[in-house]
Amino acid sequence: MALPYSKRLIELFLSPKNVGEIPDADAKATEGSPACGDMVQLFLKVDPETKRIMDVKFKSYGCASNIATASIVTELAKGKTLEEAKSISWKDAERELGGLPLTKIHCAVLAVDALHTAIENYEHQHGLLKEKTPTTPEIIIQRLKRVIDPRKGVDVMRAKTVKDVVVENGVATITLNLKQDEEFAQHLAQEIEERISPLWDIEKVEVKYS
Amino acid sequence: MKVYLDNASTTVTDPRVVDLMLPVFTENYALPTSEFIHTPGQMVKDLVEGSRKSLAEFIGAKSIEIVFTSGGTESINLAIKGAALEHGIRGKHILTTAIENRAVLDSVRFLKRMGFDVEFIPVDREGFLDLEFLDKSVRKDTILVSVQTVNDEVGTIQPIEEIVKIVKEKNPDTLVHTDATYALGWLPFNVEGIGVDLASFTAHKLHGPKGIGALYIREGAKIAKIIDGGYAEFNMRGGTPNIPGIIGFKGALELVVSNEVERIRRLRDFLYKQIEKNITDTVLMGPKNFSKRHPANLNVSFKYVEGESIVLYLDMKGIAVISGSACFSRGLEPSYVITAMGHSHEDAHGSIRFSLGRFNSEEEVIYTIEVLKDVIKTLRDLSPLGGN
């Protein structure tokens with residue numbers, strides 16, 4: 001058989017570990033989008049004293065590599081402290097899987113990104129940031145670059161879906177070049193809200209339509 | 001159980017066709033290079049001309065209108081580049097659609113680089129070309145219109161007769177080519193009735209061998225030769241012909257019986273009905289009116305799950321299908337056919353093509369449905385988008 005996948009990858013694809021959601025998760029992150037063909041959602045339960053990852057679960061929309069790498073990344077992260085988990089890289093995931101085809105590296109990157117974003121979100125929300133930089137529109141734009149416009153398959157900044165970003169008194173206002181009744185508008189607003197609201201000094205995210 | 005449902009990519013060569021071909025390797029191996037050839041050559045000549053006559057009769061053409069090639073891709077290249085080379089002085093305008101086979105798209109892209117003016121006729125959500133747009137687009141300098149008879153990914157059957165009529169009314173000098181590689185033997189196809197100038201065929205989508213195709217060139221339609229090297233095939237294609245393939249092509253045509261197409265059509269309909277009955281949140285890709293759809297094609301997108309995972313899972317259970325997911329293209333882009341039809345990337349990623357053939361049984365289809373139900377459920381359990 002000449003499938004470019006390792007035995008371990010196929011095993012994990014067929015029976016992935018740590019699948020599911022954590023309803024009372026301490027942090028959560030979503031990376032990718034259905035429009036891109038890959039999406040990982042990751043949930044963390046963290047011990048507030050030791051800052052150790054007590055539980056981690058994931059859900060995945062994507063190909064075999066996506067599912068298998070998400071499984072590996074959750075296994076690697078479980079039991080580690082947040083600091084230790086931060087150093088997990090896609091190369092670790094690739095090594096554990098016994099190699100990945102070149103075109104599938106982005107799957108491993110996606111799963112690792114989801115872990116790192118979840119940790120970052122946790123730090124924002126639990127006062128663990130070393131430097132409390134006030135959120136600027138630039139910081140928000142960086143985060144928006146990870147939100148995909150489902151109509152175009154590229155991020156909302158590149159797709160010019162975002163018209164304007166304003167931060168004022170803990171309120172982030174994002175104006176979209178969209179009508180509120182457009183097919184994907186609600187879904188997009190929700191994704192933007194999830195992406196921006198974890199920032200430590202943001203109390204409210206408002207999505208407006210033009 | 002092993003279930004092969006990728007017959008639109010290629011079919012198994014029918015063993016009866018292989019039996020016809022074998023003696024051509026070991027006994028009738030000579031080349032009919034000239035009219036006055038030696039006896040071994042004469043015998044092969046008769047065989048080749050028998051095949052040519054057989055294909056000509058099958059499509060309502062004359063023998064002299066059939067040129068054997070190495071396959072559908074070569075036929076399409078010859079038709080499109082040959083037409084452009086021959087008529088490029090008269091005009092540069094070429095019309096086609098964005099959902100054609102790669103051989104068409106790559107050929108017109110090449111011509112565009114050579115200075116031709118290539119325009120794409122839009123298609124609707126079911127893949128049908130916009131006839132009004134076509135009517136408005138044919139110009140005095142339009143030298144070629146190329147539209148497939150049927151799409152192998154989503155099964156859409158184009159109204160080729162009407163297309164030819166529209167084009168010829170606007171400009172009788174415009175050549176019309178149709179890629180009929182997935183139509184031959186599956187759909188009624190008669191060049192006289194349709195009125196096309198050029199039509200590309202292949203044997204391997206019809207349980208014939210790979211490496212053999214043909215181009216119909218209407219008597220009087222002129223195109224340039226693109227493969228030089230001798231006078232073979234009415235001086236339209238140089239090189240040694242694939243004679244075992246030519247003999248196999250005839251064998252494949254002789255095995256076509258219309259009640260078999262009807263049996264496959266019923267099997268396909270059954271597969272779709274069972275998917276609809278057992279799996280929620282699916283999107284049918286291609287025509288909803290099944291009379292305008294290839295009888296062996298089904299293309300369904302499963303919401304909330306991604307195609308490569310479905311394909312791999314089915315493969316583990318012995319079922320071979322393909323997907324329009326980005327993972328299946330070298331460029332990591334979802335199916336250009338489905339996106340050109342105006343569907344979302346997400347629906348393209350979740351699309352699965354089931355294409356049936358002569359050797360699929362009802363038992364296989366029932367097994368496929370059972371496995372598919374489980375696979376979609378398992379993957380939707382895993383999906384952050386839900387579905388179960």
# chains A, B, ... in the order shown; residues from 1 in each chain; ligands from 1
>>> residues_around(residues="Thr11 of chain B", least_positions_apart="5", cutoff="12 Å", atoms="only C-alpha atoms", output="JSON, numbers by chain")
{"B": [4, 5, 6, 182, 202, 203, 204, 205, 206, 207, 208, 209, 210, 252, 296, 355, 356, 357, 358, 359, 360]}
>>> select_by_dssp(residues="segment 25-176 of chain A", states="strand (DSSP E or B)", output="VMD selection string")
chain A and resid 27 to 33 38 to 46 52 to 61 81 148 to 149 154 to 155 162 to 168 171 to 176
>>> write_last_selection(atoms="N, CA and C atoms", output="compact mmCIF listing (two decimals), in the first residue's frame")
# COMPACT_ATOMS: atom_id res chain seq x y z
N ALA A 27 -10.39 27.44 28.95
CA ALA A 27 -9.99 28.18 27.74
C ALA A 27 -10.35 27.34 26.54
N LYS A 28 -10.52 28.06 25.45
CA LYS A 28 -10.97 27.40 24.23
C LYS A 28 -10.37 28.15 23.05
N ALA A 29 -10.10 27.42 21.95
CA ALA A 29 -9.60 28.10 20.75
C ALA A 29 -10.04 27.33 19.52
N THR A 30 -10.29 28.07 18.46
CA THR A 30 -10.63 27.45 17.17
C THR A 30 -9.66 27.97 16.14
N GLU A 31 -9.09 27.07 15.36
CA GLU A 31 -8.22 27.49 14.26
C GLU A 31 -8.69 26.86 12.97
N GLY A 32 -8.48 27.58 11.87
CA GLY A 32 -8.89 27.09 10.56
C GLY A 32 -10.36 27.37 10.32
N SER A 33 -10.87 26.88 9.23
CA SER A 33 -12.29 27.08 8.92
C SER A 33 -12.73 26.04 7.91
N ASP A 38 -10.06 22.61 6.73
CA ASP A 38 -9.48 22.13 7.99
C ASP A 38 -9.89 23.03 9.13
N MET A 39 -10.31 22.44 10.24
CA MET A 39 -10.68 23.25 11.40
C MET A 39 -10.49 22.41 12.65
N VAL A 40 -9.85 23.01 13.66
CA VAL A 40 -9.65 22.32 14.93
C VAL A 40 -10.17 23.20 16.05
N GLN A 41 -10.90 22.59 16.96
CA GLN A 41 -11.38 23.30 18.13
C GLN A 41 -10.78 22.59 19.34
N LEU A 42 -10.22 23.38 20.26
CA LEU A 42 -9.52 22.76 21.38
C LEU A 42 -9.99 23.35 22.71
N PHE A 43 -10.19 22.51 23.71
CA PHE A 43 -10.69 22.93 25.02
C PHE A 43 -9.66 22.56 26.08
N LEU A 44 -9.44 23.49 27.03
CA LEU A 44 -8.47 23.22 28.11
C LEU A 44 -9.12 23.31 29.47
N LYS A 45 -8.68 22.42 30.37
CA LYS A 45 -9.03 22.52 31.78
C LYS A 45 -7.68 22.66 32.50
N VAL A 46 -7.51 23.76 33.22
CA VAL A 46 -6.19 24.05 33.81
C VAL A 46 -6.31 24.11 35.34
N ARG A 52 -1.18 23.50 35.52
CA ARG A 52 -0.98 22.28 34.74
C ARG A 52 -2.25 21.98 33.94
N ILE A 53 -2.08 21.48 32.73
CA ILE A 53 -3.25 21.12 31.91
C ILE A 53 -3.81 19.80 32.43
N MET A 54 -4.99 19.89 33.09
CA MET A 54 -5.60 18.71 33.69
C MET A 54 -6.33 17.88 32.64
N ASP A 55 -6.97 18.61 31.74
CA ASP A 55 -7.71 17.90 30.69
C ASP A 55 -7.67 18.72 29.41
N VAL A 56 -7.68 18.03 28.31
CA VAL A 56 -7.70 18.71 27.01
C VAL A 56 -8.49 17.84 26.05
N LYS A 57 -9.37 18.46 25.33
CA LYS A 57 -10.17 17.72 24.35
C LYS A 57 -10.23 18.51 23.04
N PHE A 58 -10.54 17.80 21.96
CA PHE A 58 -10.62 18.50 20.67
C PHE A 58 -11.76 17.98 19.82
N LYS A 59 -12.13 18.83 18.88
CA LYS A 59 -13.03 18.41 17.81
C LYS A 59 -12.37 18.83 16.51
N SER A 60 -12.57 18.03 15.47
CA SER A 60 -11.88 18.34 14.22
C SER A 60 -12.78 18.15 13.01
N TYR A 61 -12.70 19.13 12.13
CA TYR A 61 -13.28 19.00 10.81
C TYR A 61 -12.09 19.01 9.89
N THR A 81 2.61 21.67 32.22
CA THR A 81 2.25 23.03 32.66
C THR A 81 2.07 23.87 31.41
N ILE A 148 -11.49 33.23 8.86
CA ILE A 148 -11.65 33.03 7.41
C ILE A 148 -13.04 33.46 6.95
N ASP A 149 -13.08 34.20 5.86
CA ASP A 149 -14.36 34.52 5.24
C ASP A 149 -14.81 33.30 4.43
N VAL A 154 -10.37 32.99 2.17
CA VAL A 154 -9.19 33.68 2.70
C VAL A 154 -9.61 34.48 3.94
N ASP A 155 -8.63 34.97 4.70
CA ASP A 155 -8.96 35.62 5.97
C ASP A 155 -9.71 36.94 5.73
N VAL A 162 -13.43 43.20 6.61
CA VAL A 162 -13.42 44.12 7.74
C VAL A 162 -13.22 45.54 7.23
N LYS A 163 -14.15 46.42 7.64
CA LYS A 163 -14.08 47.79 7.16
C LYS A 163 -13.31 48.67 8.13
N ASP A 164 -13.56 48.40 9.43
CA ASP A 164 -12.99 49.30 10.43
C ASP A 164 -12.86 48.60 11.78
N VAL A 165 -11.80 48.96 12.53
CA VAL A 165 -11.60 48.41 13.87
C VAL A 165 -11.34 49.57 14.84
N VAL A 166 -12.14 49.64 15.90
CA VAL A 166 -11.96 50.71 16.89
C VAL A 166 -11.92 50.08 18.28
N VAL A 167 -10.96 50.55 19.12
CA VAL A 167 -10.93 50.09 20.52
C VAL A 167 -11.09 51.31 21.41
N GLU A 168 -12.05 51.23 22.32
CA GLU A 168 -12.31 52.36 23.20
C GLU A 168 -12.90 51.87 24.51
N VAL A 171 -14.04 48.36 24.85
CA VAL A 171 -15.00 47.87 23.84
C VAL A 171 -14.32 47.85 22.47
N ALA A 172 -14.31 46.67 21.86
CA ALA A 172 -13.76 46.56 20.51
C ALA A 172 -14.92 46.57 19.54
N THR A 173 -14.90 47.53 18.62
CA THR A 173 -15.97 47.61 17.63
C THR A 173 -15.41 47.27 16.26
N ILE A 174 -15.96 46.24 15.67
CA ILE A 174 -15.47 45.80 14.36
C ILE A 174 -16.60 45.98 13.35
N THR A 175 -16.36 46.77 12.34
CA THR A 175 -17.38 47.01 11.31
C THR A 175 -17.05 46.19 10.08
N LEU A 176 -18.06 45.47 9.59
CA LEU A 176 -17.87 44.58 8.44
C LEU A 176 -18.51 45.15 7.19
>>> closest_residue(among="B:Glu169, B:Glu306, B:Glu219, B:Glu370", to="chain A", atoms="only C-alpha atoms")
B:Glu306
>>> residues_around(residues="Glu203 of chain A", least_positions_apart="5", cutoff="10 Å", atoms="only C-alpha atoms", output="VMD selection string")
chain A and resid 169 to 172 196 to 198
>>> write_last_selection(atoms="N, CA and C atoms", output="compact mmCIF listing (two decimals), in the first residue's frame")
# COMPACT_ATOMS: atom_id res chain seq x y z
N ASN A 169 -12.26 52.21 25.62
CA ASN A 169 -12.76 51.85 26.96
C ASN A 169 -13.15 50.37 27.09
N GLY A 170 -12.29 49.50 26.60
CA GLY A 170 -12.57 48.07 26.74
C GLY A 170 -13.60 47.53 25.77
N VAL A 171 -14.04 48.36 24.85
CA VAL A 171 -15.00 47.87 23.84
C VAL A 171 -14.32 47.85 22.47
N ALA A 172 -14.31 46.67 21.86
CA ALA A 172 -13.76 46.56 20.51
C ALA A 172 -14.92 46.57 19.54
N ILE A 196 -11.74 37.64 19.58
CA ILE A 196 -11.31 38.90 20.19
C ILE A 196 -11.60 38.96 21.69
N SER A 197 -12.72 38.37 22.10
CA SER A 197 -13.13 38.55 23.50
C SER A 197 -12.15 38.01 24.56
N PRO A 198 -11.30 36.99 24.25
CA PRO A 198 -10.37 36.57 25.31
C PRO A 198 -9.32 37.62 25.68
>>> atom_distance(atom1="atom CA of Asn7 of chain B", atom2="atom CA of Val321 of chain B")
8.9 Å
